[in-house]
>>> print(open('protein-v1.cif').read())   # mmCIF, C-alpha atoms
data_structure
#
loop_
_atom_site.group_PDB
_atom_site.id
_atom_site.type_symbol
_atom_site.label_atom_id
_atom_site.label_comp_id
_atom_site.auth_asym_id
_atom_site.auth_seq_id
_atom_site.Cartn_x
_atom_site.Cartn_y
_atom_site.Cartn_z
ATOM 1 C CA MET A 77 44.522 -35.977 13.285
ATOM 2 C CA THR A 78 47.600 -36.183 11.129
ATOM 3 C CA ALA A 79 47.785 -36.496 7.357
ATOM 4 C CA ALA A 80 48.116 -40.275 7.689
ATOM 5 C CA ASP A 81 44.894 -40.408 9.740
ATOM 6 C CA VAL A 82 42.986 -38.355 7.170
ATOM 7 C CA LEU A 83 44.270 -40.580 4.345
ATOM 8 C CA LEU A 84 43.380 -43.735 6.284
ATOM 9 C CA ALA A 85 39.848 -42.492 6.981
ATOM 10 C CA ALA A 86 39.265 -41.415 3.361
ATOM 11 C CA LEU A 87 40.619 -44.643 1.830
ATOM 12 C CA GLY A 88 38.721 -46.671 4.423
ATOM 13 C CA ALA A 89 35.471 -44.913 3.521
ATOM 14 C CA VAL A 90 36.078 -45.719 -0.166
ATOM 15 C CA ALA A 91 36.887 -49.359 0.643
ATOM 16 C CA LEU A 92 33.841 -49.808 2.876
ATOM 17 C CA GLY A 93 31.431 -48.071 0.480
ATOM 18 C CA ALA A 94 32.636 -50.100 -2.506
ATOM 19 C CA GLY A 95 32.636 -53.286 -0.401
ATOM 20 C CA LEU A 96 29.028 -52.660 0.577
ATOM 21 C CA LEU A 97 28.167 -52.253 -3.108
ATOM 22 C CA VAL A 98 29.940 -55.557 -3.927
ATOM 23 C CA VAL A 99 27.574 -57.472 -1.638
ATOM 24 C CA THR A 100 24.396 -55.494 -2.399
ATOM 25 C CA THR A 101 24.455 -54.684 -6.134
ATOM 26 C CA ARG A 102 21.997 -56.520 -8.362
ATOM 27 C CA HIS A 103 24.358 -56.603 -11.364
ATOM 28 C CA VAL A 104 26.843 -59.501 -11.305
ATOM 29 C CA VAL A 105 29.422 -57.727 -13.485
ATOM 30 C CA ARG A 106 29.226 -54.505 -11.471
ATOM 31 C CA ALA A 107 29.979 -56.473 -8.297
ATOM 32 C CA GLY A 108 33.299 -57.488 -9.889
ATOM 33 C CA LEU A 109 34.056 -53.895 -10.887
ATOM 34 C CA TRP A 110 33.249 -52.562 -7.386
ATOM 35 C CA LEU A 111 35.577 -55.261 -6.046
ATOM 36 C CA VAL A 112 38.366 -53.585 -8.056
ATOM 37 C CA VAL A 113 37.627 -50.292 -6.247
ATOM 38 C CA THR A 114 37.662 -52.012 -2.836
ATOM 39 C CA LEU A 115 40.925 -53.838 -3.502
ATOM 40 C CA GLY A 116 42.515 -50.659 -4.870
ATOM 41 C CA ALA A 117 41.505 -48.715 -1.746
ATOM 42 C CA VAL A 118 42.957 -51.475 0.449
ATOM 43 C CA ALA A 119 46.192 -51.216 -1.567
ATOM 44 C CA GLY A 120 46.158 -47.477 -0.781
ATOM 45 C CA LEU A 121 45.722 -48.311 2.918
ATOM 46 C CA TYR A 122 48.780 -50.593 2.687
ATOM 47 C CA LEU A 123 50.761 -47.689 1.174
ATOM 48 C CA VAL A 124 49.761 -45.364 4.031
ATOM 49 C CA LEU A 125 50.708 -48.090 6.535
ATOM 50 C CA SER A 126 54.177 -48.117 4.871
ATOM 51 C CA ALA A 127 53.784 -51.572 3.303
ATOM 52 C CA GLU A 128 55.043 -50.594 -0.145
ATOM 53 C CA LEU A 129 55.728 -54.041 -1.561
ATOM 54 C CA LEU A 130 52.376 -55.401 -0.396
ATOM 55 C CA ALA A 131 50.509 -52.536 -2.050
ATOM 56 C CA TRP A 132 52.013 -53.392 -5.439
ATOM 57 C CA VAL A 133 51.565 -57.141 -4.894
ATOM 58 C CA GLN A 134 47.918 -56.405 -4.059
ATOM 59 C CA VAL A 135 47.466 -54.442 -7.290
ATOM 60 C CA LEU A 136 49.281 -57.086 -9.371
ATOM 61 C CA LEU A 137 47.753 -60.243 -7.888
ATOM 62 C CA TYR A 138 44.301 -59.162 -6.719
ATOM 63 C CA VAL A 139 43.296 -56.487 -9.208
ATOM 64 C CA GLY A 140 45.323 -58.002 -12.028
ATOM 65 C CA ALA A 141 44.734 -61.732 -11.616
ATOM 66 C CA VAL A 142 41.927 -62.532 -9.166
ATOM 67 C CA VAL A 143 39.404 -59.999 -10.487
ATOM 68 C CA VAL A 144 40.159 -60.959 -14.097
ATOM 69 C CA LEU A 145 39.566 -64.631 -13.207
ATOM 70 C CA LEU A 146 36.305 -63.713 -11.446
ATOM 71 C CA LEU A 147 35.111 -61.740 -14.472
ATOM 72 C CA PHE A 148 36.047 -64.699 -16.702
ATOM 73 C CA ALA A 149 33.890 -66.908 -14.475
ATOM 74 C CA VAL A 150 31.028 -64.403 -14.674
ATOM 75 C CA MET A 151 31.162 -64.575 -18.470
ATOM 76 C CA LEU A 152 31.639 -68.361 -18.710
ATOM 77 C CA THR A 153 28.665 -69.057 -16.418
ATOM 78 C CA ARG A 154 26.526 -66.804 -18.658
ATOM 79 C CA ALA A 155 25.522 -64.447 -15.889
ATOM 80 C CA PRO A 156 22.662 -62.130 -16.823
ATOM 81 C CA ILE A 157 23.827 -58.783 -18.193
ATOM 82 C CA GLY A 158 21.120 -56.622 -16.631
ATOM 83 C CA ALA A 159 19.872 -56.458 -13.061
ATOM 84 C CA SER A 160 18.625 -59.723 -11.617
ATOM 85 C CA ASP A 161 16.494 -60.132 -8.534
ATOM 86 C CA ASP A 162 17.356 -63.711 -7.582
ATOM 87 C CA LEU A 163 20.953 -63.061 -6.414
ATOM 88 C CA ASP A 164 20.157 -62.808 -2.700
ATOM 89 C CA ARG A 165 18.539 -64.975 -0.090
ATOM 90 C CA VAL A 166 16.396 -63.494 2.682
ATOM 91 C CA ARG A 167 18.507 -60.558 3.841
ATOM 92 C CA TRP A 168 17.838 -60.061 7.541
ATOM 93 C CA PRO A 169 19.722 -63.083 9.028
ATOM 94 C CA GLY A 170 22.835 -62.200 7.019
ATOM 95 C CA ALA A 171 22.528 -58.523 7.959
ATOM 96 C CA LEU A 172 22.143 -59.450 11.611
ATOM 97 C CA ILE A 173 25.163 -61.789 11.684
ATOM 98 C CA GLY A 174 27.325 -59.475 9.529
ATOM 99 C CA ALA A 175 26.524 -56.413 11.637
ATOM 100 C CA GLY A 176 27.071 -58.439 14.810
ATOM 101 C CA ALA A 177 30.471 -59.713 13.662
ATOM 102 C CA GLY A 178 31.537 -56.232 12.508
ATOM 103 C CA ALA A 179 30.330 -54.470 15.667
ATOM 104 C CA GLY A 180 31.863 -57.113 17.930
ATOM 105 C CA LEU A 181 35.263 -56.853 16.256
ATOM 106 C CA VAL A 182 35.129 -53.029 16.321
ATOM 107 C CA ALA A 183 34.354 -53.114 20.057
ATOM 108 C CA LEU A 184 37.241 -55.540 20.604
ATOM 109 C CA PHE A 185 39.755 -53.377 18.719
ATOM 110 C CA ALA A 186 38.484 -50.125 20.285
ATOM 111 C CA ASP A 187 38.849 -51.675 23.733
ATOM 112 C CA ALA A 188 42.364 -52.922 22.948
ATOM 113 C CA PHE A 189 43.819 -49.784 21.347
ATOM 114 C CA HIS A 190 41.593 -46.859 22.502
ATOM 115 C CA TRP A 191 42.839 -43.655 20.817
ATOM 116 C CA SER A 192 46.564 -44.449 21.178
ATOM 117 C CA ARG A 193 49.133 -43.156 18.723
ATOM 118 C CA VAL A 194 52.099 -44.953 17.194
ATOM 119 C CA GLY A 195 54.766 -43.739 14.809
ATOM 120 C CA LEU A 196 54.906 -45.361 11.395
ATOM 121 C CA PRO A 197 57.533 -48.129 11.184
ATOM 122 C CA ALA A 198 60.344 -48.476 8.677
ATOM 123 C CA PRO A 199 58.826 -48.918 5.205
ATOM 124 C CA GLY A 200 58.286 -52.496 4.059
ATOM 125 C CA THR A 201 60.301 -52.224 0.877
ATOM 126 C CA ALA A 202 61.048 -55.212 -1.332
ATOM 127 C CA GLU A 203 64.473 -55.448 0.305
ATOM 128 C CA ALA A 204 63.075 -55.504 3.855
ATOM 129 C CA ILE A 205 60.298 -58.015 3.077
ATOM 130 C CA GLY A 206 62.676 -60.191 1.069
ATOM 131 C CA GLY A 207 65.057 -60.258 4.030
ATOM 132 C CA ALA A 208 62.245 -61.180 6.426
ATOM 133 C CA VAL A 209 60.876 -63.913 4.138
ATOM 134 C CA PHE A 210 64.194 -65.536 3.310
ATOM 135 C CA ARG A 211 65.803 -65.190 6.756
ATOM 136 C CA THR A 212 62.889 -66.068 9.031
ATOM 137 C CA TRP A 213 59.992 -67.499 7.036
ATOM 138 C CA VAL A 214 61.763 -69.820 4.579
ATOM 139 C CA LEU A 215 59.769 -72.949 5.497
ATOM 140 C CA PRO A 216 56.309 -71.313 5.044
ATOM 141 C CA PHE A 217 57.578 -69.875 1.760
ATOM 142 C CA GLU A 218 58.524 -73.335 0.480
ATOM 143 C CA LEU A 219 55.224 -74.781 1.725
ATOM 144 C CA VAL A 220 53.325 -72.066 -0.142
ATOM 145 C CA SER A 221 55.176 -72.948 -3.355
ATOM 146 C CA VAL A 222 54.228 -76.631 -2.943
ATOM 147 C CA LEU A 223 50.625 -75.593 -2.254
ATOM 148 C CA LEU A 224 50.551 -73.476 -5.423
ATOM 149 C CA LEU A 225 51.720 -76.475 -7.439
ATOM 150 C CA ALA A 226 49.062 -78.682 -5.818
ATOM 151 C CA ALA A 227 46.365 -76.083 -6.542
ATOM 152 C CA LEU A 228 47.531 -75.864 -10.169
ATOM 153 C CA VAL A 229 47.362 -79.631 -10.648
ATOM 154 C CA GLY A 230 44.033 -79.785 -8.795
ATOM 155 C CA ALA A 231 42.454 -77.081 -10.950
ATOM 156 C CA ILE A 232 43.559 -78.876 -14.128
ATOM 157 C CA VAL A 233 42.240 -82.269 -12.933
ATOM 158 C CA VAL A 234 38.909 -80.766 -11.832
ATOM 159 C CA SER A 235 38.334 -78.931 -15.095
ATOM 160 C CA ARG A 236 39.228 -81.904 -17.354
ATOM 161 C CA PRO A 237 36.471 -84.535 -17.032
ATOM 162 C CA ASP A 238 38.341 -86.978 -19.291
ATOM 163 C CA ILE A 239 41.260 -87.382 -16.858
ATOM 164 C CA SER A 240 39.425 -87.117 -13.536
ATOM 165 C CA ALA A 241 38.817 -90.574 -12.088
ATOM 166 C CA GLY A 242 35.368 -91.793 -11.145
ATOM 167 C CA PRO A 243 33.197 -94.800 -11.978
ATOM 168 C CA ARG A 244 30.450 -92.706 -13.571
ATOM 169 C CA SER A 245 32.635 -90.569 -15.773
ATOM 170 C CA ASP A 246 34.357 -93.732 -17.086
ATOM 171 C CA SER A 247 31.096 -95.459 -17.986
ATOM 172 C CA ARG A 248 29.824 -92.383 -19.770
ATOM 173 C CA PRO A 249 30.670 -92.275 -23.485
ATOM 174 C CA ASP A 250 33.422 -89.815 -24.239
ATOM 175 C CA PRO A 251 31.972 -86.773 -26.051
ATOM 176 C CA ARG A 252 34.884 -86.785 -28.467
ATOM 177 C CA GLY A 253 34.415 -90.462 -29.276
ATOM 178 C CA ARG A 254 37.893 -91.525 -28.172
ATOM 179 C CA MET B 725 48.842 -42.617 13.218
ATOM 180 C CA HIS B 726 45.945 -43.934 15.334
ATOM 181 C CA PRO B 727 45.957 -47.739 14.866
ATOM 182 C CA VAL B 728 42.297 -48.008 15.825
ATOM 183 C CA LEU B 729 41.319 -46.428 12.471
ATOM 184 C CA PRO B 730 42.620 -49.187 10.150
ATOM 185 C CA PHE B 731 41.563 -51.833 12.686
ATOM 186 C CA THR B 732 37.994 -50.458 12.613
ATOM 187 C CA ILE B 733 38.014 -50.383 8.809
ATOM 188 C CA ALA B 734 39.169 -54.009 8.720
ATOM 189 C CA ALA B 735 36.501 -55.093 11.236
ATOM 190 C CA LEU B 736 33.712 -53.421 9.226
ATOM 191 C CA LEU B 737 35.067 -54.902 5.972
ATOM 192 C CA PHE B 738 34.958 -58.321 7.646
ATOM 193 C CA GLY B 739 31.330 -57.723 8.653
ATOM 194 C CA ILE B 740 30.448 -56.788 5.056
ATOM 195 C CA GLY B 741 32.156 -59.964 3.828
ATOM 196 C CA VAL B 742 30.239 -62.123 6.329
ATOM 197 C CA TYR B 743 26.973 -60.550 5.142
ATOM 198 C CA GLY B 744 27.913 -61.285 1.521
ATOM 199 C CA VAL B 745 28.865 -64.908 2.212
ATOM 200 C CA ILE B 746 25.551 -65.547 3.982
ATOM 201 C CA VAL B 747 23.245 -63.661 1.640
ATOM 202 C CA ARG B 748 24.593 -64.286 -1.865
ATOM 203 C CA ARG B 749 23.253 -67.228 -3.860
ATOM 204 C CA ASN B 750 25.407 -66.926 -6.970
ATOM 205 C CA ALA B 751 28.635 -68.915 -6.371
ATOM 206 C CA VAL B 752 30.833 -66.326 -8.156
ATOM 207 C CA LEU B 753 29.455 -63.527 -5.972
ATOM 208 C CA LEU B 754 30.083 -65.777 -2.950
ATOM 209 C CA LEU B 755 33.774 -65.990 -3.921
ATOM 210 C CA MET B 756 33.904 -62.177 -4.225
ATOM 211 C CA ALA B 757 32.602 -61.886 -0.640
ATOM 212 C CA VAL B 758 35.284 -64.379 0.475
ATOM 213 C CA GLU B 759 37.880 -62.082 -1.121
ATOM 214 C CA LEU B 760 36.533 -59.238 1.047
ATOM 215 C CA LEU B 761 37.011 -61.417 4.146
ATOM 216 C CA LEU B 762 40.595 -62.242 3.161
ATOM 217 C CA ASN B 763 41.347 -58.561 2.551
ATOM 218 C CA ALA B 764 39.995 -57.615 5.982
ATOM 219 C CA VAL B 765 42.320 -60.176 7.612
ATOM 220 C CA ASN B 766 45.268 -58.917 5.550
ATOM 221 C CA LEU B 767 44.541 -55.355 6.668
ATOM 222 C CA VAL B 768 44.568 -56.471 10.321
ATOM 223 C CA LEU B 769 47.943 -58.168 9.809
ATOM 224 C CA VAL B 770 49.509 -55.145 8.111
ATOM 225 C CA THR B 771 48.175 -52.760 10.785
ATOM 226 C CA ALA B 772 49.439 -55.040 13.560
ATOM 227 C CA ASP B 773 52.822 -55.074 11.846
ATOM 228 C CA ALA B 774 52.858 -51.262 11.897
ATOM 229 C CA THR B 775 51.560 -51.047 15.482
ATOM 230 C CA ILE B 776 53.248 -53.783 17.497
ATOM 231 C CA ARG B 777 57.026 -53.864 17.476
ATOM 232 C CA SER B 778 57.842 -57.556 17.375
ATOM 233 C CA ALA B 779 61.250 -59.175 17.770
ATOM 234 C CA VAL B 780 61.138 -60.286 14.128
ATOM 235 C CA PRO B 781 60.609 -57.238 11.903
ATOM 236 C CA HIS B 782 57.974 -57.306 9.151
ATOM 237 C CA SER B 783 56.522 -60.681 10.130
ATOM 238 C CA GLY B 784 52.960 -59.396 9.676
ATOM 239 C CA GLN B 785 53.695 -58.220 6.162
ATOM 240 C CA SER B 786 55.373 -61.545 5.313
ATOM 241 C CA PHE B 787 52.243 -63.386 6.474
ATOM 242 C CA THR B 788 50.077 -61.055 4.381
ATOM 243 C CA LEU B 789 52.204 -61.975 1.376
ATOM 244 C CA PHE B 790 51.577 -65.683 2.066
ATOM 245 C CA ILE B 791 47.823 -65.099 2.454
ATOM 246 C CA ILE B 792 47.679 -63.261 -0.887
ATOM 247 C CA VAL B 793 49.305 -66.305 -2.535
ATOM 248 C CA LEU B 794 46.829 -68.604 -0.743
ATOM 249 C CA ALA B 795 43.963 -66.439 -2.043
ATOM 250 C CA ALA B 796 45.269 -66.812 -5.592
ATOM 251 C CA ALA B 797 45.395 -70.610 -5.206
ATOM 252 C CA GLU B 798 41.935 -70.638 -3.630
ATOM 253 C CA ILE B 799 40.400 -68.601 -6.438
ATOM 254 C CA GLY B 800 41.968 -70.875 -9.070
ATOM 255 C CA VAL B 801 40.591 -74.098 -7.588
ATOM 256 C CA GLY B 802 37.286 -72.456 -6.621
ATOM 257 C CA LEU B 803 36.627 -71.186 -10.120
ATOM 258 C CA ALA B 804 37.521 -74.572 -11.626
ATOM 259 C CA LEU B 805 34.923 -76.152 -9.321
ATOM 260 C CA ILE B 806 32.308 -73.501 -10.181
ATOM 261 C CA LEU B 807 32.839 -73.941 -13.934
ATOM 262 C CA GLN B 808 32.544 -77.721 -13.543
ATOM 263 C CA LEU B 809 29.336 -77.220 -11.537
ATOM 264 C CA TYR B 810 27.963 -74.975 -14.270
ATOM 265 C CA ARG B 811 28.899 -77.551 -16.919
ATOM 266 C CA LEU B 812 27.004 -80.270 -15.022
ATOM 267 C CA ARG B 813 23.962 -78.355 -13.761
ATOM 268 C CA ARG B 814 23.676 -75.238 -15.989
ATOM 269 C CA SER B 815 23.419 -73.132 -12.824
ATOM 270 C CA VAL B 816 25.785 -71.673 -10.228
ATOM 271 C CA ASP B 817 23.060 -71.134 -7.651
ATOM 272 C CA VAL B 818 24.267 -72.546 -4.319
ATOM 273 C CA GLU B 819 20.655 -73.153 -3.282
ATOM 274 C CA ASP B 820 20.416 -75.818 -6.003
ATOM 275 C CA LEU B 821 23.503 -77.678 -4.795
ATOM 276 C CA PRO B 822 22.658 -81.282 -3.873
ATOM 277 C CA LEU B 823 23.993 -81.733 -0.353
ATOM 278 C CA THR B 824 23.189 -85.455 -0.305
ATOM 279 C CA GLU B 825 23.990 -88.099 -2.880
ATOM 280 C CA SER B 826 21.199 -88.177 -5.424
ATOM 281 C CA SER B 827 20.180 -91.291 -7.324
ATOM 282 C CA PRO B 828 22.606 -92.100 -10.161
ATOM 283 C CA ASP B 829 20.118 -92.081 -13.034
ATOM 284 C CA ARG B 830 18.812 -88.622 -12.132
ATOM 285 C CA ASP B 831 22.394 -87.412 -11.846
ATOM 286 C CA ALA B 832 23.268 -88.750 -15.279
ATOM 287 C CA GLU B 833 20.146 -87.170 -16.704
ATOM 288 C CA VAL B 834 21.138 -83.761 -15.369
ATOM 289 C CA ALA B 835 24.686 -84.235 -16.637
ATOM 290 C CA ARG B 836 23.424 -84.932 -20.094
#
>>> encode(input="protein-v1.cif", output="structure tokens")
Amino acid sequence: MTAADVLLAALGAVALGAGLLVVTTRHVVRAGLWLVVTLGAVAGLYLVLSAELLAWVQVLLYVGAVVVLLLFAVMLTRAPIGASDDLDRVRWPGALIGAGAGAGLVALFADAFHWSRVGLPAPGTAEAIGGAVFRTWVLPFELVSVLLLAALVGAIVVSRPDISAGPRSDSRPDPRGR
Amino acid sequence: MHPVLPFTIAALLFGIGVYGVIVRRNAVLLLMAVELLLNAVNLVLVTADATIRSAVPHSGQSFTLFIIVLAAAEIGVGLALILQLYRLRRSVDVEDLPLTESSPDRDAEVAR
């Protein structure tokens, strides 16, 4: 066990414990806050695996943007502040399938890699990742930018009922009397 | 570094996410579980990048970068849909979602 192994195990335990709380807690807001802990621990795992740029992108985009959006949604849908009992369905089918998927994947990985050791690669700095993205993966990069634009336009059209087409929304009187 | 450690963590995180997606009824909590799934896949990609020496360096990390951007787009559109659902039905419970086309007058009544 090297220092990297100890760090991986510790951060993994934090990520798994917080992830378990995300899917089991009875408070909607606390689920979002435990998600921050999980995503932060995964960012730490990226750092140990020498993916520097990804760790900071994870903190910026996931913890900074995605979780804030999720908490906005929690507030805008007037989620109950205290504990609520009606958040879950019957638990045992989900537990069975989740445990089966997790155990199956663990068995697959354990069979593929056993207890082998590898040295850590060259760190994935911004320079290295930028070189890889713009030398090799230019087309996916451009496609992702087009997809982001499409998602932006789609989100605006979905959230504005007065510009989204549809026979019913046209026949309905406009709430602002236009 | 033993690569089986982060791979095991990612597999268990994926199992937790699957449990959350199946069990949760609140649509916002469902999206949080989907984020767990995406993070598990990202962790597999980053670990594979560190473990397997490919001809193209850092391809796993580049793909993780793309998936993070996809997750941001997904959460934007998903939350717009959830807020619209809440505006129409006053509830984000996925059990209440009408999976078949309901009659128009009942639909309009709920919308009002």
>>> interface_residues(input="protein-v1.cif", of="chain B", to="chain A", cutoff="7 Å", atoms="only C-alpha atoms", output="PyMOL selection string")
chain B and resi 725-733+735-740+742-744+746-750+752+757+771+774-775+781-783+786+789-790+796-797+799-801+803-805+807-808+810
>>> write_last_selection(input="protein-v1.cif", atoms="C-alpha atoms", output="mmCIF file, in the frame of the given file")
data_model
loop_
_atom_site.group_PDB
_atom_site.id
_atom_site.type_symbol
_atom_site.label_atom_id
_atom_site.label_comp_id
_atom_site.auth_asym_id
_atom_site.auth_seq_id
_atom_site.Cartn_x
_atom_site.Cartn_y
_atom_site.Cartn_z
ATOM 1 C CA MET B 725 48.842 -42.617 13.218
ATOM 2 C CA HIS B 726 45.945 -43.934 15.334
ATOM 3 C CA PRO B 727 45.957 -47.739 14.866
ATOM 4 C CA VAL B 728 42.297 -48.008 15.825
ATOM 5 C CA LEU B 729 41.319 -46.428 12.471
ATOM 6 C CA PRO B 730 42.620 -49.187 10.150
ATOM 7 C CA PHE B 731 41.563 -51.833 12.686
ATOM 8 C CA THR B 732 37.994 -50.458 12.613
ATOM 9 C CA ILE B 733 38.014 -50.383 8.809
ATOM 10 C CA ALA B 735 36.501 -55.093 11.236
ATOM 11 C CA LEU B 736 33.712 -53.421 9.226
ATOM 12 C CA LEU B 737 35.067 -54.902 5.972
ATOM 13 C CA PHE B 738 34.958 -58.321 7.646
ATOM 14 C CA GLY B 739 31.330 -57.723 8.653
ATOM 15 C CA ILE B 740 30.448 -56.788 5.056
ATOM 16 C CA VAL B 742 30.239 -62.123 6.329
ATOM 17 C CA TYR B 743 26.973 -60.550 5.142
ATOM 18 C CA GLY B 744 27.913 -61.285 1.521
ATOM 19 C CA ILE B 746 25.551 -65.547 3.982
ATOM 20 C CA VAL B 747 23.245 -63.661 1.640
ATOM 21 C CA ARG B 748 24.593 -64.286 -1.865
ATOM 22 C CA ARG B 749 23.253 -67.228 -3.860
ATOM 23 C CA ASN B 750 25.407 -66.926 -6.970
ATOM 24 C CA VAL B 752 30.833 -66.326 -8.156
ATOM 25 C CA ALA B 757 32.602 -61.886 -0.640
ATOM 26 C CA THR B 771 48.175 -52.760 10.785
ATOM 27 C CA ALA B 774 52.858 -51.262 11.897
ATOM 28 C CA THR B 775 51.560 -51.047 15.482
ATOM 29 C CA PRO B 781 60.609 -57.238 11.903
ATOM 30 C CA HIS B 782 57.974 -57.306 9.151
ATOM 31 C CA SER B 783 56.522 -60.681 10.130
ATOM 32 C CA SER B 786 55.373 -61.545 5.313
ATOM 33 C CA LEU B 789 52.204 -61.975 1.376
ATOM 34 C CA PHE B 790 51.577 -65.683 2.066
ATOM 35 C CA ALA B 796 45.269 -66.812 -5.592
ATOM 36 C CA ALA B 797 45.395 -70.610 -5.206
ATOM 37 C CA ILE B 799 40.400 -68.601 -6.438
ATOM 38 C CA GLY B 800 41.968 -70.875 -9.070
ATOM 39 C CA VAL B 801 40.591 -74.098 -7.588
ATOM 40 C CA LEU B 803 36.627 -71.186 -10.120
ATOM 41 C CA ALA B 804 37.521 -74.572 -11.626
ATOM 42 C CA LEU B 805 34.923 -76.152 -9.321
ATOM 43 C CA LEU B 807 32.839 -73.941 -13.934
ATOM 44 C CA GLN B 808 32.544 -77.721 -13.543
ATOM 45 C CA TYR B 810 27.963 -74.975 -14.270
#
>>> atom_distance(input="protein-v1.cif", atom1="CA of Val139 (chain A)", atom2="CA of Val758 (chain B)")
14.8 Å
>>> resolve_selection(input="protein-v1.cif", expression="the PyMOL selection byres ((chain B and resi 764) around 7)", output="PyMOL selection string")
chain B and resi 734-735+737-738+760-763+765-768
>>> atom_distance(input="protein-v1.cif", atom1="CA of Trp132 (chain A)", atom2="CA of Glu203 (chain A)")
13.9 Å
